[in-house]
Amino acid sequence: MRVTRLKFPFSAVDALSASTLLGSACLCLFSLQANAGEEASGRLADLMPFTAQYRLETRGWPGATITHTLTQEGLHWLSDMSFSVTIARGQEYSRFSVSEDSIHSLLYSSSYSLLGVGDSYQLNEDAIPSIDRQAALVDLSRRAGHEACTQSAPCDIEFVDHRGRDEHFQYYSVPGLQAVSVPAGEFEAQRVILSDIEKPDRHLEINFHPDWPGLILSAEYRKEERRQTRIRLTQFNP
């Protein structure tokens with residue numbers, strides 16, 4: 001693992017990485033080295049390349065645009081998210097391989113800066129014991145609705161963050177498709193609710209497009225029932 005570090009106010013890093021989800025953006029998240037109650041049922045959706053833009057709103061920060069691309073590179077795929085505002089910028093990407101029922105991380109890179117000072121991280125395949133959060137985001141969206149994960153019996157998720165640290169979440173899918181209205185239009189969405197096992201007061205709700213794995217229609221991160229970060233789709237180019 002190669003890690004390059006510069007000093008950076010970490011409260012800002014937390015806000016930015018929650019933004020990159022988000023990485024989740026970014027926010028945050030996820031694979032299924034999961035103890036799912038049952039194996040995925042039915043064929044999982046095939047990946048398709050796209051470019052999307054999201055509007056990012058984070059408490060205490062100016063709004064920003066996140067650009068998200070999913071592209072195929074020969075036998076591998078690349079998921080890339082980046083954002084930039086007046087004083088800050090961030091990017092993270094994952095290169096991964098895909099089989100019929102799983103995703104395998106090959107390389108994960110992330111960088112964040114504030115006023116020109118920031119951190120940069122890179123994780124190679126041997127430093128990712130489960131899956132990185134960019135690849136996991138694609139994997140989760142692909143599996144959502146295909147597993148017996150309910151509010152009373154959620155599934156466990158493990159992935160690594162930008163520093164290679166293990167993260168543990170639980171999630172469940174809301175039954176059926178939900179109507180979602182975002183700046184890009186009206187959609188039906190597969191809704192997934194995630195909670196941090198170590199911080200039960202924090203929740204992440206993601207509305208995925210059911211036919212385009214990895215495409216987020218909207219996402220909202222709450223702490224102590226107060227919204228901290230919101231992402232909404234503003235543009236989508238298949």
# chains A, B, ... in the order shown; residues from 1 in each chain; ligands from 1
$ residues_around --residues "region 88-103 of chain A" --least-positions-apart "4" --cutoff "7 Å" --atoms "only C-alpha atoms" --output "ChimeraX atom specification"
/A:44,75-84,107-115,134-135,139
$ residues_around --residues "region 187-197 of chain A" --least-positions-apart "3" --cutoff "8 Å" --atoms "only C-alpha atoms" --output "ChimeraX atom specification"
/A:144-145,168-174,176-181,200-210,217
$ select_by_dssp --residues "region 33-235 of chain A" --states "strand (DSSP E or B)" --output "ChimeraX atom specification"
/A:50-58,64-73,76-84,88-98,103-114,117-124,132,155-160,166-173,178-182,185-196,199-208,216-223,226-235
$ residues_around --residues "region 48-57 of chain A" --least-positions-apart "4" --cutoff "6 Å" --atoms "only C-alpha atoms" --output "VMD selection string"
chain A and resid 63 to 71 229 to 238
$ write_last_selection --atoms "all heavy atoms" --output "CSV table (one decimal), in the first residue's frame"
chain,number,residue,atom,x,y,z
A,63,GLY,N,-22.6,24.4,-1.7
A,63,GLY,CA,-23.1,23.3,-2.6
A,63,GLY,C,-22.0,23.1,-3.6
A,63,GLY,O,-21.2,23.9,-4.0
A,64,ALA,N,-22.0,21.8,-4.1
A,64,ALA,CA,-21.0,21.4,-5.1
A,64,ALA,C,-21.6,20.4,-6.1
A,64,ALA,O,-22.7,19.9,-5.8
A,64,ALA,CB,-19.8,20.8,-4.5
A,65,THR,N,-21.0,20.3,-7.2
A,65,THR,CA,-21.4,19.3,-8.2
A,65,THR,C,-20.4,18.1,-8.2
A,65,THR,O,-19.2,18.3,-8.2
A,65,THR,CB,-21.4,19.8,-9.6
A,65,THR,OG1,-22.4,20.9,-9.7
A,65,THR,CG2,-21.7,18.8,-10.7
A,66,ILE,N,-20.9,16.9,-8.0
A,66,ILE,CA,-20.2,15.7,-8.1
A,66,ILE,C,-20.3,15.1,-9.5
A,66,ILE,O,-21.4,14.9,-10.0
A,66,ILE,CB,-20.6,14.6,-7.1
A,66,ILE,CG1,-20.3,15.1,-5.7
A,66,ILE,CG2,-19.9,13.3,-7.3
A,66,ILE,CD1,-20.9,14.2,-4.6
A,67,THR,N,-19.2,14.8,-10.2
A,67,THR,CA,-19.3,14.1,-11.4
A,67,THR,C,-18.9,12.6,-11.2
A,67,THR,O,-17.9,12.3,-10.6
A,67,THR,CB,-18.3,14.7,-12.4
A,67,THR,OG1,-18.6,16.1,-12.7
A,67,THR,CG2,-18.3,13.9,-13.8
A,68,HIS,N,-19.7,11.7,-11.7
A,68,HIS,CA,-19.6,10.3,-11.5
A,68,HIS,C,-19.6,9.6,-12.8
A,68,HIS,O,-20.5,9.7,-13.6
A,68,HIS,CB,-20.7,9.8,-10.6
A,68,HIS,CG,-20.7,8.3,-10.3
A,68,HIS,ND1,-21.8,7.6,-9.8
A,68,HIS,CD2,-19.6,7.4,-10.3
A,68,HIS,CE1,-21.4,6.3,-9.6
A,68,HIS,NE2,-20.1,6.2,-9.9
A,69,THR,N,-18.5,8.8,-13.1
A,69,THR,CA,-18.4,8.1,-14.3
A,69,THR,C,-18.2,6.6,-14.0
A,69,THR,O,-17.4,6.3,-13.1
A,69,THR,CB,-17.3,8.6,-15.3
A,69,THR,OG1,-16.1,8.5,-14.6
A,69,THR,CG2,-17.6,10.0,-15.7
A,70,LEU,N,-18.8,5.7,-14.8
A,70,LEU,CA,-18.6,4.3,-14.8
A,70,LEU,C,-18.2,3.9,-16.2
A,70,LEU,O,-19.0,4.0,-17.1
A,70,LEU,CB,-19.8,3.5,-14.3
A,70,LEU,CG,-19.6,2.0,-14.2
A,70,LEU,CD1,-18.7,1.7,-13.0
A,70,LEU,CD2,-21.0,1.3,-13.9
A,71,THR,N,-17.0,3.4,-16.3
A,71,THR,CA,-16.5,3.1,-17.7
A,71,THR,C,-15.9,1.7,-17.7
A,71,THR,O,-15.4,1.2,-16.6
A,71,THR,CB,-15.4,4.1,-18.1
A,71,THR,OG1,-14.4,4.2,-17.2
A,71,THR,CG2,-16.0,5.5,-18.3
A,229,THR,N,-25.8,15.5,5.0
A,229,THR,CA,-25.4,15.5,3.6
A,229,THR,C,-26.5,15.0,2.7
A,229,THR,O,-27.2,14.0,3.1
A,229,THR,CB,-24.1,14.6,3.4
A,229,THR,OG1,-23.1,15.1,4.2
A,229,THR,CG2,-23.6,14.7,1.9
A,230,ARG,N,-26.7,15.6,1.6
A,230,ARG,CA,-27.7,15.1,0.6
A,230,ARG,C,-27.1,15.2,-0.8
A,230,ARG,O,-26.4,16.1,-1.1
A,230,ARG,CB,-29.0,16.0,0.7
A,230,ARG,CG,-30.0,15.5,-0.3
A,230,ARG,CD,-31.4,16.2,-0.1
A,230,ARG,NE,-31.3,17.6,-0.5
A,230,ARG,CZ,-32.4,18.4,-0.6
A,230,ARG,NH1,-33.6,17.9,-0.3
A,230,ARG,NH2,-32.3,19.6,-0.9
A,231,ILE,N,-27.4,14.2,-1.6
A,231,ILE,CA,-27.0,14.1,-3.0
A,231,ILE,C,-28.2,13.9,-3.8
A,231,ILE,O,-29.0,13.0,-3.5
A,231,ILE,CB,-25.9,13.0,-3.2
A,231,ILE,CG1,-24.6,13.4,-2.5
A,231,ILE,CG2,-25.7,12.8,-4.7
A,231,ILE,CD1,-23.6,12.3,-2.6
A,232,ARG,N,-28.3,14.6,-4.9
A,232,ARG,CA,-29.4,14.3,-5.9
A,232,ARG,C,-28.9,14.4,-7.3
A,232,ARG,O,-28.1,15.2,-7.7
A,232,ARG,CB,-30.5,15.4,-5.7
A,232,ARG,CG,-31.2,15.3,-4.3
A,232,ARG,CD,-32.3,16.4,-4.2
A,232,ARG,NE,-31.8,17.7,-4.2
A,232,ARG,CZ,-32.5,18.8,-4.5
A,232,ARG,NH1,-33.8,18.7,-4.7
A,232,ARG,NH2,-32.0,20.0,-4.5
A,233,LEU,N,-29.5,13.5,-8.1
A,233,LEU,CA,-29.1,13.4,-9.5
A,233,LEU,C,-29.6,14.6,-10.3
A,233,LEU,O,-30.8,14.9,-10.2
A,233,LEU,CB,-29.6,12.1,-10.1
A,233,LEU,CG,-29.3,11.8,-11.6
A,233,LEU,CD1,-27.8,11.5,-11.8
A,233,LEU,CD2,-30.2,10.7,-12.1
A,234,THR,N,-28.7,15.3,-11.0
A,234,THR,CA,-29.1,16.4,-11.8
A,234,THR,C,-28.9,16.2,-13.3
A,234,THR,O,-29.5,16.8,-14.1
A,234,THR,CB,-28.2,17.7,-11.4
A,234,THR,OG1,-26.8,17.3,-11.6
A,234,THR,CG2,-28.4,18.0,-10.0
A,235,GLN,N,-28.1,15.2,-13.7
A,235,GLN,CA,-27.8,14.9,-15.1
A,235,GLN,C,-27.4,13.5,-15.3
A,235,GLN,O,-26.6,13.0,-14.5
A,235,GLN,CB,-26.7,15.9,-15.7
A,235,GLN,CG,-26.5,15.7,-17.1
A,235,GLN,CD,-25.6,16.8,-17.6
A,235,GLN,OE1,-25.5,17.9,-17.1
A,235,GLN,NE2,-24.7,16.4,-18.6
A,236,PHE,N,-27.9,12.8,-16.3
A,236,PHE,CA,-27.5,11.4,-16.5
A,236,PHE,C,-27.4,11.2,-18.0
A,236,PHE,O,-28.3,11.5,-18.8
A,236,PHE,CB,-28.7,10.5,-16.0
A,236,PHE,CG,-28.5,9.1,-16.4
A,236,PHE,CD1,-27.3,8.4,-16.2
A,236,PHE,CD2,-29.6,8.4,-16.9
A,236,PHE,CE1,-27.2,7.0,-16.5
A,236,PHE,CE2,-29.5,7.0,-17.2
A,236,PHE,CZ,-28.3,6.4,-17.0
A,237,ASN,N,-26.2,10.7,-18.4
A,237,ASN,CA,-25.9,10.4,-19.8
A,237,ASN,C,-25.5,8.9,-19.9
A,237,ASN,O,-24.4,8.5,-19.5
A,237,ASN,CB,-24.8,11.3,-20.3
A,237,ASN,CG,-25.1,12.7,-20.3
A,237,ASN,OD1,-26.2,13.1,-20.8
A,237,ASN,ND2,-24.3,13.5,-19.7
A,238,PRO,N,-26.4,8.0,-20.4
A,238,PRO,CA,-26.0,6.6,-20.6
A,238,PRO,C,-24.9,6.5,-21.6
A,238,PRO,O,-24.7,7.3,-22.5
A,238,PRO,CB,-27.3,6.0,-21.2
A,238,PRO,CG,-28.4,7.0,-20.8
A,238,PRO,CD,-27.8,8.3,-20.8
$ select_by_dssp --residues "region 102-198 of chain A" --states "helix (DSSP H, G or I)" --output "list in words"
Glu125, Asp126, Ala127, Arg133, Gln134, Ala135, Ala136, Leu137, Val138, Asp139, Leu140, Ser141, Arg142 and Arg143 of chain A
$ write_last_selection --atoms "C-alpha atoms" --output "PDB file, in the first residue's frame"
ATOM      1  CA  GLU A 125      -5.321  -5.181  -4.455  1.00  0.00           C
ATOM      2  CA  ASP A 126      -3.401  -6.872  -1.625  1.00  0.00           C
ATOM      3  CA  ALA A 127      -4.329  -4.040   0.783  1.00  0.00           C
ATOM      4  CA  ARG A 133     -16.221   1.704  -1.008  1.00  0.00           C
ATOM      5  CA  GLN A 134     -16.457   2.821  -4.641  1.00  0.00           C
ATOM      6  CA  ALA A 135     -16.607  -0.746  -5.951  1.00  0.00           C
ATOM      7  CA  ALA A 136     -18.868  -1.659  -3.043  1.00  0.00           C
ATOM      8  CA  LEU A 137     -21.313   1.073  -4.008  1.00  0.00           C
ATOM      9  CA  VAL A 138     -21.695  -0.568  -7.420  1.00  0.00           C
ATOM     10  CA  ASP A 139     -21.956  -4.023  -5.863  1.00  0.00           C
ATOM     11  CA  LEU A 140     -24.598  -2.947  -3.345  1.00  0.00           C
ATOM     12  CA  SER A 141     -26.743  -1.288  -6.008  1.00  0.00           C
ATOM     13  CA  ARG A 142     -26.515  -4.460  -8.076  1.00  0.00           C
ATOM     14  CA  ARG A 143     -27.637  -6.688  -5.191  1.00  0.00           C
TER      15      ARG A 143
END
$ atom_distance --atom1 "CA of Val182 (chain A)" --atom2 "CA of Ala148 (chain A)"
28.1 Å
